[in-house]
Every structure is written in structure tokens, then in C-alpha cells.
Amino acid sequence: MATAGGATAAPQAMDEKARRTRDLLASFYNTDPSAAAAAAAAPSPARPSPAAASASSPLDSINSTSFDPDVYMNVLVQQSNLEALLQRHVKMAAEIKNLDTDLQMLVYENYNKFISATDTIKRMKTNIVGMEANMEQLLSKITSVQSRSDTVNTSLFDKRENIEKLHRTRNLLRKVQFIYDLPTRLNKCIKAEAYADAVRFFTGAKPIFEAYGDTSFHDCKKASEEAIDLVMQHLQAKLYSDSEPIESRAEAVVLLKQLNFPVDNLKSNLLEKLEDCLVNFQNEPTKASIGDISKTFRAYLIIFPDSEKRLIELAQALFSNRYETVRENLRKRIPSTDLLAMLRSLWEDATAIDEVIPEAALPAFSLETTRYIIRQHIATAFLHLQSEISDVLVRTPSTTKLEESQLQTSMETSKVKVLQGCIDLLQEFHHLIDGNTELLVKLRDLIIDWVQEGFQDFFQRLDGHFHMLSGRSKTPSQAMEFVQIDKVSTALVLMLAQLCVFIEQTTIPKVTEELASSFSGGGARSYEYGPPFVPGEICRLYRSSGEKFLHHYINMKTQKISKLLNKRFTTPVWIKHKEPREVNMFVDLLLLEFNGVVSEVKQILPGLIRRHRHSDSTGSTTSSRSNPMREDMLNRSNTHRARSQFLENHLAKLFEQKMEIFTKVEYTQESVISAVLKLCLKSLQEFVRLQTFNRSGFQQIQLDMEFLKTSLREFVDDEAAISFLLKEVNNAAHERCLDPIPLEPPILDKLISAKLAKIKEQSPNMQ
């Protein structure tokens, strides 16, 4: 508010100062006080009347005409204290001083102007002295010259009239001689093929033939018309001759028009020939140049000025077809350098034609079409790269056809294809912004945005393609659905998981670095859409997808093994099971499946399977089975042993330290194998809980689990968790058994040793 008040007060102060200056000038120059008062009292649009001013002016408006000093002083004394009066005194003294200074300066300035005007008038008087005599002398001389000129004109008048008459006669004789010589001149022009001169001569003599052709010029007229007919025949022959240059044909049409020959019926034929010429140029551009085409258009505009619309259509059709040819070439993944060469040639051709037919707007059409083509070229390049990556992944060998190091080779090939493919694309696209032609300069910012946006879309589409290859598809709500899991290679799913990690940790940073160094700038994209390339978003996308693929792989392997376990536990009648004599065959199948998992994981995921043991949590199996105290307990009666073991198991669960079995899955061999194995053992536990066992069935489960405990040590390093899960399977069988009496340790050791010996015989090279 203070600022606004100050801004309003400043113009008022300036107006007040200007008004005071005008009043000073009026009082200084006006000798009639009444007129000055009347002028001051006259109302104006910019200044209110004095009456209104006095009525609305405050007490400090001393310059008003109705100012009363006594009233002013009385009011001022009544309304102001001593300090205000002193301030008003200081302010009024300053105003008086300013008024005196302004008046003094005004007097000085006007005094200087008066002195300058006086000096100027004195100089004018000095310079004018003697000028009158010179003017009188000049007037007498001009009068003398005029009299002598009149004398000369009078004496030469008759001779001048005679000379002009003779000159007109001479010109007429020349024209008559030209008419008589015209047939000869025309024949000479025909022999020399100077048809332009022949037409010029004939059109010059034509008015005379029209006026006096039936007199003595009849023979000349007839001979000249015969000669000019021959000229017209030659001009028509030249017009229809394909061997003649277009300039000569255009000149022939112009000359025929001058001879009033009807050339409009030739327009359609000549335009058809032009159209054929453009088609030939499009099919075989090496046989003609754009310069020839430009000259052709220029000549046709001269020949047929009213055919501009048709020429515009032909020019636009020519470039539309040529750009369509470029679009067709895009389907074949052409290099950026070749594409730029074609687009640069088309741009130069369009600029050349635009100089002749600017109404066709070919540069604008070329710029818009080039934008579409370059954007399509960038999109096509990304599609080709996605197809190449997909081809490498599709060729991934299945588990049934797996050979040593095949998956590792496929994994490395996929990584190279993704990273090197992106780098190659960046190098290709760099050619699009590296040129300094007018076309590329106009599109540089757009190309940078398209490249960055293309990488954003490419990585998003590639992620969706990965999900499709894995047997998962993204629905519009971003939910994931399984589709035909049995037909999807588990090795491919694991490769996709590892490839997502590689893209997140290696490819995206590399692409981001290259884009920042070579494709910085842009900004043609609207701000409401945000930046075209967001590496953080892509990294989060692939991090999430990698985790999903990893869990998908674990689920696929677990489901396959669970089907095997389900078949094993639902087929026999466990309540009528016979006494165990060896480890069940399903254990071999289970270990075979685990070997397949290990083979895939070792070739794809990093890390080594460590062989350290958690003996503190599980203890030695041999020592636990051969413990003398345990043997003494097992020598008791069957009922007492069963009840005792059941009580021991429940007491152990009460005091056993809680163990975390299912931890976060990492992208390592140990983590994935452990996760698959733990899930399978958990499924095994659930299958056991659904059955009812007799003593032999329970002992068979005991034997199988004890053998697995020995064999699974080779697959995972988390022996404590595996032992815990195997123990849980045993406990579940114990709970579901009608007569839960376990095998004695010596028998258990004997059966396991027999199985190990059999395996060693079948695989002599097994370590």
C-alpha cells in the first residue's frame, strides 16, 4: 500500500510543479491580469475549474485563486502543534527558494534567446545590403537573352519546318523499304533458324499489312504470310520434338503465341510428357538431374502460366512417391548414413524446386515427412534390436537337451547382444545429429528427444517381451498371470532373471552415460510429459521383473518336483506298506531333479556352492545313530520306545530355537538352490501329513529322509535348515503313524551304506 501511495503521489507532485511553471510564465509574459485570470479560470479536460478546485482543494493548496491567508493561518494554527508549524515553515521556505530559482532560470533562458534573435536580425540586414542592385542586373541580362532567342527562332522557323518534313518522309521511305524487303528477311531468318527475329519482323509489319495490304503491298503481304507459315511449321515441329531442349520448346510456344497460334490445345499433351518425364526420373534418377526437372518446371510456367496448379500437383506427387520409397526401405533396417544420404538429397531437390514453385511448399512438406521417417527409423531400429535379443533367448537350449556350458554361453551371448546392441544403436543415431545440414539442424532437438524416448519405450517393451517369454503376460491392471508353464523352459526363465539384473546394473548406466555425453539437450518435448528417458524408473522396473522371474523359476522347479512327490505319496497304500529293504526309487528321481537345478543355476547365476557345514546345529548323523545311550533306549519295549520318542519330539519342539527357513532369495547359486530345496521339502512335509502310515511306512520315510540328509549336503551350504526340514518330515510321519517305531540305527546305517555302494557302482567316476 505504501508503494502504491508513493507511486500515485509522484505524478501529482510533477503535475503541481508543471502547473506552477505555467502560472509563472503566464504572470511573466501576460500584461493583462484579467486575461490571465480568465485563462487560468477556463476549465479543461485535464484540469478542474477553479471553483471545483477550491471546493475540493485542501488547506495547503496555496496556489488556488480563492486562497485566503488569514483563514489559512487560523486553520493551520488550530490544527497543528508547534512541531508541525516548524516543519511547515521549513517546507514553505524550501518551496519559495525553489520558485525563486525556477523564475531566475526562466528569465536567464529567455534573455539569452532574445540576444540570439537580435544578433540574427543584425546579420540578415548586413547580408541583404547590395542584393537589390544585383537582382536588377540579372533581370536585364535575362531579358536580353530572351530577345535574341526570339530573333533566332523567327529566322530559322521556315527551315526547321522543311527539315522535319524531310525527316518524316525519310522514315516513311525506310518503312516502305522494310516492307518490300520483308519476304527476303524472313527467308534468311528461316535458313538461319532465327525464328525469334522472323516473328519480330513479321509482327512489326503486320499493322501495315492490315492497313494497306490490298494496295501495292499485296504481293509483299502474300510472300510474307507464306514465309511466316513456314516459320510456324518449324516452331510446331520443334515443340513436339523430344530431342529439343525444354528452353527451345518453351521459346517456340512463346513465338507461336505472338503469332496468335492456338497453343492451349497443346497444353494437355505437353503436361502428359512432363508427367512421364517425372515418372522416369523417379524410377531412374541417374538419367536426369533435379536441375533439369527445375528448368522444366520453370519453362512450363513460362509456356503455360495458367498451369501452375497442375505443376504444383505434379511436384507434390513426385516428392510424395520418392518419400514413400524411403519409407519402404525402412522396413529393411538400413544404416543411418544411407538414410541421411537419401533424405539430404530429397531436401536439396525440394529446395531447388521450391525456388521455381514456392506455392507447392515442398520444404515444409519435406521437413514434416522427414520428421516422420526419422522417428520411424529410430523406432524400427529398436524393434530390430528387440527381435535380435528375442532370437538369442528363444534359442536357449531346454533342460532335456542341455549340454555342458551351453546355458553359460547363451547367457553371455544375451548380455553381449543387449549391451552391444544398445551401444551400436547409439552410434547409429549419433549420425542423425552429427550433420550440419539445414535439415538436421532443424530436427536436432527432436531427434535427441526421440532417441531418449525410444530407449525408454524399448526397455519397457523388452520387459513386457521378457514376461511373455517366461509364460507370464501383463494385463492392463499390471497383474501377472501364468500361461502354459509346462511349455516354458525353466532355464530361459532363470536367464531372464539374470538378464534383468545385468540390464539394471550394467546396461542402463552405460546407456545413461552415453545419452548424457552425446545426446544432451533436446527439450522439444512438452514439459507436461516429463523427461523422455528416466533411468531410475527403468531400473526399478527391471529390479522388480528380475525378482519376479527368479521367484517364477523357483516356483516352476518346485511345482515340477512337487508333482513327482505327490505321485509318490498318493500311489502306494501307506497303511499296508511292507518292511523297508532299500531307499525308495523316488529319492533317486528327486536327486536327479536337484542335479538339474544345480546344473542350470551353476551356468547362469554367479557364486559357488560352499561346502562348509553347520555341524553345531545338526551334529554328526553317524554319531547320533551309533550313540550307545540311544541304543539302550531303543532296546526297550516297542510301546515304551514309541511313547518316549513321541514325547521327546514334542519336548524338542518346545525348547528348540526358532529357525528362519524361508529368507529373501538372492541372485546367487546358493540362495536359489536352497530356496528350491526348502520349498520341495516343505511340500514333502505337507504330503506326508495327508497320509496315514503303518510301522513299515513310517520306517520307509525315516530311511528316505536319512539318506536325503546325507545326499543333500552336496547341494546347499545351509545344512541346519535342511536338517530341520527333514526332521519335520520325519516328525510329520511320526505323528501320522499308527505304530511309530523307528528303525534301529545299525539297520538304518546298513541300508544307507548299501544304497551308497550301489550308486558308486553305477557311477564309478562319482566323487
# chains A, B, ... in the order shown; residues from 1 in each chain; ligands from 1
>>> residues_around(residues="Leu425 in chain A", least_positions_apart="2", cutoff="9 Å", atoms="only C-alpha atoms", output="list of chain:residue names")
A:Ile378, A:Ala381, A:Phe382, A:Leu385, A:Gln420, A:Gly421, A:Cys422, A:Ile423, A:Gln427, A:Glu428, A:Phe429, A:His430
>>> closest_residue(among="A:Leu256, A:Leu751, A:Ile115, A:Leu738", to="Glu706 in chain A", atoms="only C-alpha atoms")
A:Leu751
>>> residues_around(residues="Thr558 in chain A", least_positions_apart="2", cutoff="8 Å", atoms="only C-alpha atoms", output="list in words")
Ile554, Asn555, Met556, Lys560, Ile561, Ser562, Val676, Leu677, Leu679 and Cys680 of chain A
>>> write_last_selection(atoms="C-alpha atoms", output="compact mmCIF listing (two decimals), in the first residue's frame")
# COMPACT_ATOMS: atom_id res chain seq x y z
CA ILE A 554 11.74 -71.33 -8.16
CA ASN A 555 8.00 -71.91 -8.37
CA MET A 556 8.31 -73.77 -11.67
CA LYS A 560 7.62 -79.93 -11.07
CA ILE A 561 9.27 -81.67 -8.13
CA SER A 562 6.06 -81.40 -6.08
CA VAL A 676 14.03 -74.71 -4.30
CA LEU A 677 15.17 -77.41 -1.93
CA LEU A 679 10.15 -75.47 -0.78
CA CYS A 680 10.30 -79.06 -2.03
>>> closest_residue(among="A:Gln505, A:Thr668, A:Thr692, A:Ser545", to="Pro572 in chain A", atoms="only C-alpha atoms")
A:Thr692
>>> residues_around(residues="range 413-419 of chain A", least_positions_apart="6", cutoff="7 Å", atoms="only C-alpha atoms", output="list of chain:residue names")
A:Ile389, A:Val392, A:Leu393, A:Leu499, A:Thr507
>>> select_by_dssp(residues="range 353-549 of chain A", states="alpha helix (DSSP H)", output="NGL selection string")
:A and (353-356 or 362-394 or 406-434 or 438-469 or 490-502 or 508-518 or 535-549)
